Amino acid sequence: MADATSALHVSPVIPVVTIADPQHAVPVARALVAGGISIIELTLRTDTALESLKRIANEVPDILVGAGTILTPAQADAAMAAGAQFLVSPGVTPALLDHMLQLDVPVLPGVATVGEVMAVLERGLTAMKFFPAGPAGGPDYLAAIGAPVPAVQFCPTGGISLASAPDYLSLANVTCVGGSWLTPRAAVEGEDWQEITRLAREAAGLPRG
Ligand code: 3PG
């Protein structure tokens, strides 16, 4: 079950979340669930990310928790041990793909070119993260590659906001988008869980095309 298609269908937005203090992990996840978002990509960009991942996996059963920013096989293993329910990488290498595909977990690899899309398709995966979505070409680029590679469903991430999300979500080859705007640093560190719930509710209401 390496393909991450089902994860793309959970919510119109996958919040990409960076948490420094593991004490914030469970309240952030619960605030997202309260707003109707039941998936979270927790980035491995802090020393404490694995602890945060573990807490969410253990204490918030209503959310599907994945690990993002997976760059190495060792990070994939560590994320699995912490309870990750899906793995996200910003890009792909043959060694990382080989390794992640041996694990019993959905994998959402990052791609930015048609060649990378084809390399991931060769491994049997049809769900991919398009990263960094804005700088790599935005909705026009995704619309253009929908014709030659119609089998692929994307989760564009990087530079997307509530305002620009509909331009992506209306595309036939986009199932959901990813973004960090649901969990601004000020809200997380200021423990403003209501603000995160409000942002989640707005995002959960985005129509999919
Ligand atoms: C990611 O890690 O996928 C992106 O950095 C999230 O991008 P954003 O901060 O522009 O939403």
# chains A, B, ... in the order shown; residues from 1 in each chain; ligands from 1
>>> closest_atom_pairs(of="chain A", to="ligand 1", cutoff="8 Å", atoms="only C-alpha atoms and all ligand atoms", output="Markdown table")
| residue | atom | partner | partner_atom_place_in_ligand_line | distance |
| --- | --- | --- | --- | --- |
| A:Val16 | CA | ligand 1 | 6 (C) | 5.8 |
| A:Val17 | CA | ligand 1 | 2 (O) | 7.9 |
| A:Thr43 | CA | ligand 1 | 2 (O) | 6.8 |
| A:Gly68 | CA | ligand 1 | 2 (O) | 7.1 |
| A:Thr69 | CA | ligand 1 | 2 (O) | 6.6 |
| A:Pro90 | CA | ligand 1 | 3 (O) | 6.7 |
| A:Phe131 | CA | ligand 1 | 3 (O) | 6.9 |
| A:Pro132 | CA | ligand 1 | 4 (C) | 7.0 |
| A:Thr157 | CA | ligand 1 | 3 (O) | 5.2 |
| A:Gly158 | CA | ligand 1 | 7 (O) | 3.4 |
| A:Gly159 | CA | ligand 1 | 10 (O) | 3.5 |
| A:Ile160 | CA | ligand 1 | 11 (O) | 5.5 |
| A:Ser161 | CA | ligand 1 | 11 (O) | 7.1 |
| A:Gly178 | CA | ligand 1 | 11 (O) | 6.4 |
| A:Gly179 | CA | ligand 1 | 11 (O) | 3.4 |
| A:Ser180 | CA | ligand 1 | 11 (O) | 3.9 |
| A:Trp181 | CA | ligand 1 | 11 (O) | 5.8 |
>>> residues_around(residues="Ala7 (chain A)", least_positions_apart="2", cutoff="8 Å", atoms="only C-alpha atoms", output="count of residues only")
7
>>> closest_residue(among="A:Val88, A:Pro139, A:Pro73, A:Ala151", to="Pro166 (chain A)", atoms="only C-alpha atoms")
A:Pro139
>>> closest_residue(among="A:Val105, A:Asp3, A:Ile37, A:Leu64", to="Ala200 (chain A)", atoms="only C-alpha atoms")
A:Ile37
>>> atom_distance(atom1="CA of Leu182 (chain A)", atom2="CA of Gly35 (chain A)")
10.3 Å
>>> select_by_dssp(residues="region 5-184 of chain A", states="strand (DSSP E or B)", output="MDAnalysis selection string")
chainID A and resid 13:17 39:43 64:68 86:89 107:111 127:130 153:157 174 177:179
>>> closest_residue(among="A:Ile14, A:Pro94, A:Ser38, A:Ile19", to="Ala186 (chain A)", atoms="only C-alpha atoms")
A:Ile19
>>> closest_atom_pairs(of="region 67-124 of chain A", to="region 48-55 of chain A", cutoff="12 Å", atoms="only C-alpha atoms", output="JSON lines")
{"residue": "A:Ala67", "atom": "CA", "partner": "A:Leu53", "partner_atom": "CA", "distance": 7.5}
{"residue": "A:Gly68", "atom": "CA", "partner": "A:Ala49", "partner_atom": "CA", "distance": 9.9}
{"residue": "A:Thr69", "atom": "CA", "partner": "A:Ala49", "partner_atom": "CA", "distance": 10.7}
{"residue": "A:Ile70", "atom": "CA", "partner": "A:Ala49", "partner_atom": "CA", "distance": 11.7}
{"residue": "A:Gln75", "atom": "CA", "partner": "A:Leu50", "partner_atom": "CA", "distance": 9.6}
{"residue": "A:Ala76", "atom": "CA", "partner": "A:Leu50", "partner_atom": "CA", "distance": 10.9}
{"residue": "A:Asp77", "atom": "CA", "partner": "A:Leu50", "partner_atom": "CA", "distance": 11.0}
{"residue": "A:Ala78", "atom": "CA", "partner": "A:Leu50", "partner_atom": "CA", "distance": 7.5}
{"residue": "A:Ala79", "atom": "CA", "partner": "A:Leu50", "partner_atom": "CA", "distance": 6.6}
{"residue": "A:Met80", "atom": "CA", "partner": "A:Leu50", "partner_atom": "CA", "distance": 9.6}
{"residue": "A:Ala81", "atom": "CA", "partner": "A:Lys54", "partner_atom": "CA", "distance": 8.5}
{"residue": "A:Ala82", "atom": "CA", "partner": "A:Lys54", "partner_atom": "CA", "distance": 4.8}
{"residue": "A:Gly83", "atom": "CA", "partner": "A:Lys54", "partner_atom": "CA", "distance": 5.8}
{"residue": "A:Ala84", "atom": "CA", "partner": "A:Leu53", "partner_atom": "CA", "distance": 6.9}
{"residue": "A:Gln85", "atom": "CA", "partner": "A:Leu53", "partner_atom": "CA", "distance": 9.9}
{"residue": "A:Phe86", "atom": "CA", "partner": "A:Leu53", "partner_atom": "CA", "distance": 11.4}
{"residue": "A:Leu87", "atom": "CA", "partner": "A:Leu53", "partner_atom": "CA", "distance": 11.8}
>>> select_by_dssp(residues="region 13-85 of chain A", states="alpha helix (DSSP H)", output="JSON, numbers by chain")
{"A": [25, 26, 27, 28, 29, 30, 31, 32, 33, 34, 49, 50, 51, 52, 53, 54, 55, 56, 57, 58, 59, 73, 74, 75, 76, 77, 78, 79, 80, 81, 82]}
>>> write_last_selection(atoms="C-alpha atoms", output="mmCIF file, in the first residue's frame")
data_model
loop_
_atom_site.group_PDB
_atom_site.id
_atom_site.type_symbol
_atom_site.label_atom_id
_atom_site.label_comp_id
_atom_site.auth_asym_id
_atom_site.auth_seq_id
_atom_site.Cartn_x
_atom_site.Cartn_y
_atom_site.Cartn_z
ATOM 1 C CA ALA A 25 1.847 18.986 18.950
ATOM 2 C CA VAL A 26 -1.359 17.507 20.362
ATOM 3 C CA PRO A 27 -3.221 20.839 20.739
ATOM 4 C CA VAL A 28 -2.327 21.787 17.144
ATOM 5 C CA ALA A 29 -3.584 18.443 15.840
ATOM 6 C CA ARG A 30 -6.785 18.702 17.890
ATOM 7 C CA ALA A 31 -7.352 22.278 16.687
ATOM 8 C CA LEU A 32 -7.091 21.110 13.071
ATOM 9 C CA VAL A 33 -9.536 18.260 13.698
ATOM 10 C CA ALA A 34 -11.947 20.691 15.376
ATOM 11 C CA ALA A 49 9.829 16.640 15.355
ATOM 12 C CA LEU A 50 9.866 12.893 16.036
ATOM 13 C CA GLU A 51 8.656 13.429 19.583
ATOM 14 C CA SER A 52 5.817 15.616 18.271
ATOM 15 C CA LEU A 53 4.960 12.962 15.689
ATOM 16 C CA LYS A 54 4.869 10.278 18.381
ATOM 17 C CA ARG A 55 2.549 12.323 20.570
ATOM 18 C CA ILE A 56 0.096 13.020 17.753
ATOM 19 C CA ALA A 57 0.138 9.375 16.629
ATOM 20 C CA ASN A 58 -0.547 8.202 20.179
ATOM 21 C CA GLU A 59 -2.961 10.843 21.404
ATOM 22 C CA PRO A 73 16.218 6.362 4.326
ATOM 23 C CA ALA A 74 17.234 6.795 7.979
ATOM 24 C CA GLN A 75 14.696 9.583 8.406
ATOM 25 C CA ALA A 76 12.004 7.398 6.848
ATOM 26 C CA ASP A 77 12.821 4.637 9.342
ATOM 27 C CA ALA A 78 12.802 7.044 12.275
ATOM 28 C CA ALA A 79 9.457 8.492 11.192
ATOM 29 C CA MET A 80 7.975 4.994 10.924
ATOM 30 C CA ALA A 81 9.237 4.134 14.400
ATOM 31 C CA ALA A 82 7.586 7.306 15.729
#
>>> atom_distance(atom1="CA of Ala119 (chain A)", atom2="CA of Ile145 (chain A)")
14.5 Å
>>> residues_around(residues="Val114 (chain A)", least_positions_apart="2", cutoff="12 Å", atoms="only C-alpha atoms", output="ChimeraX atom specification")
/A:110-112,116-121,128,130,136-137,141-142,144-150,152
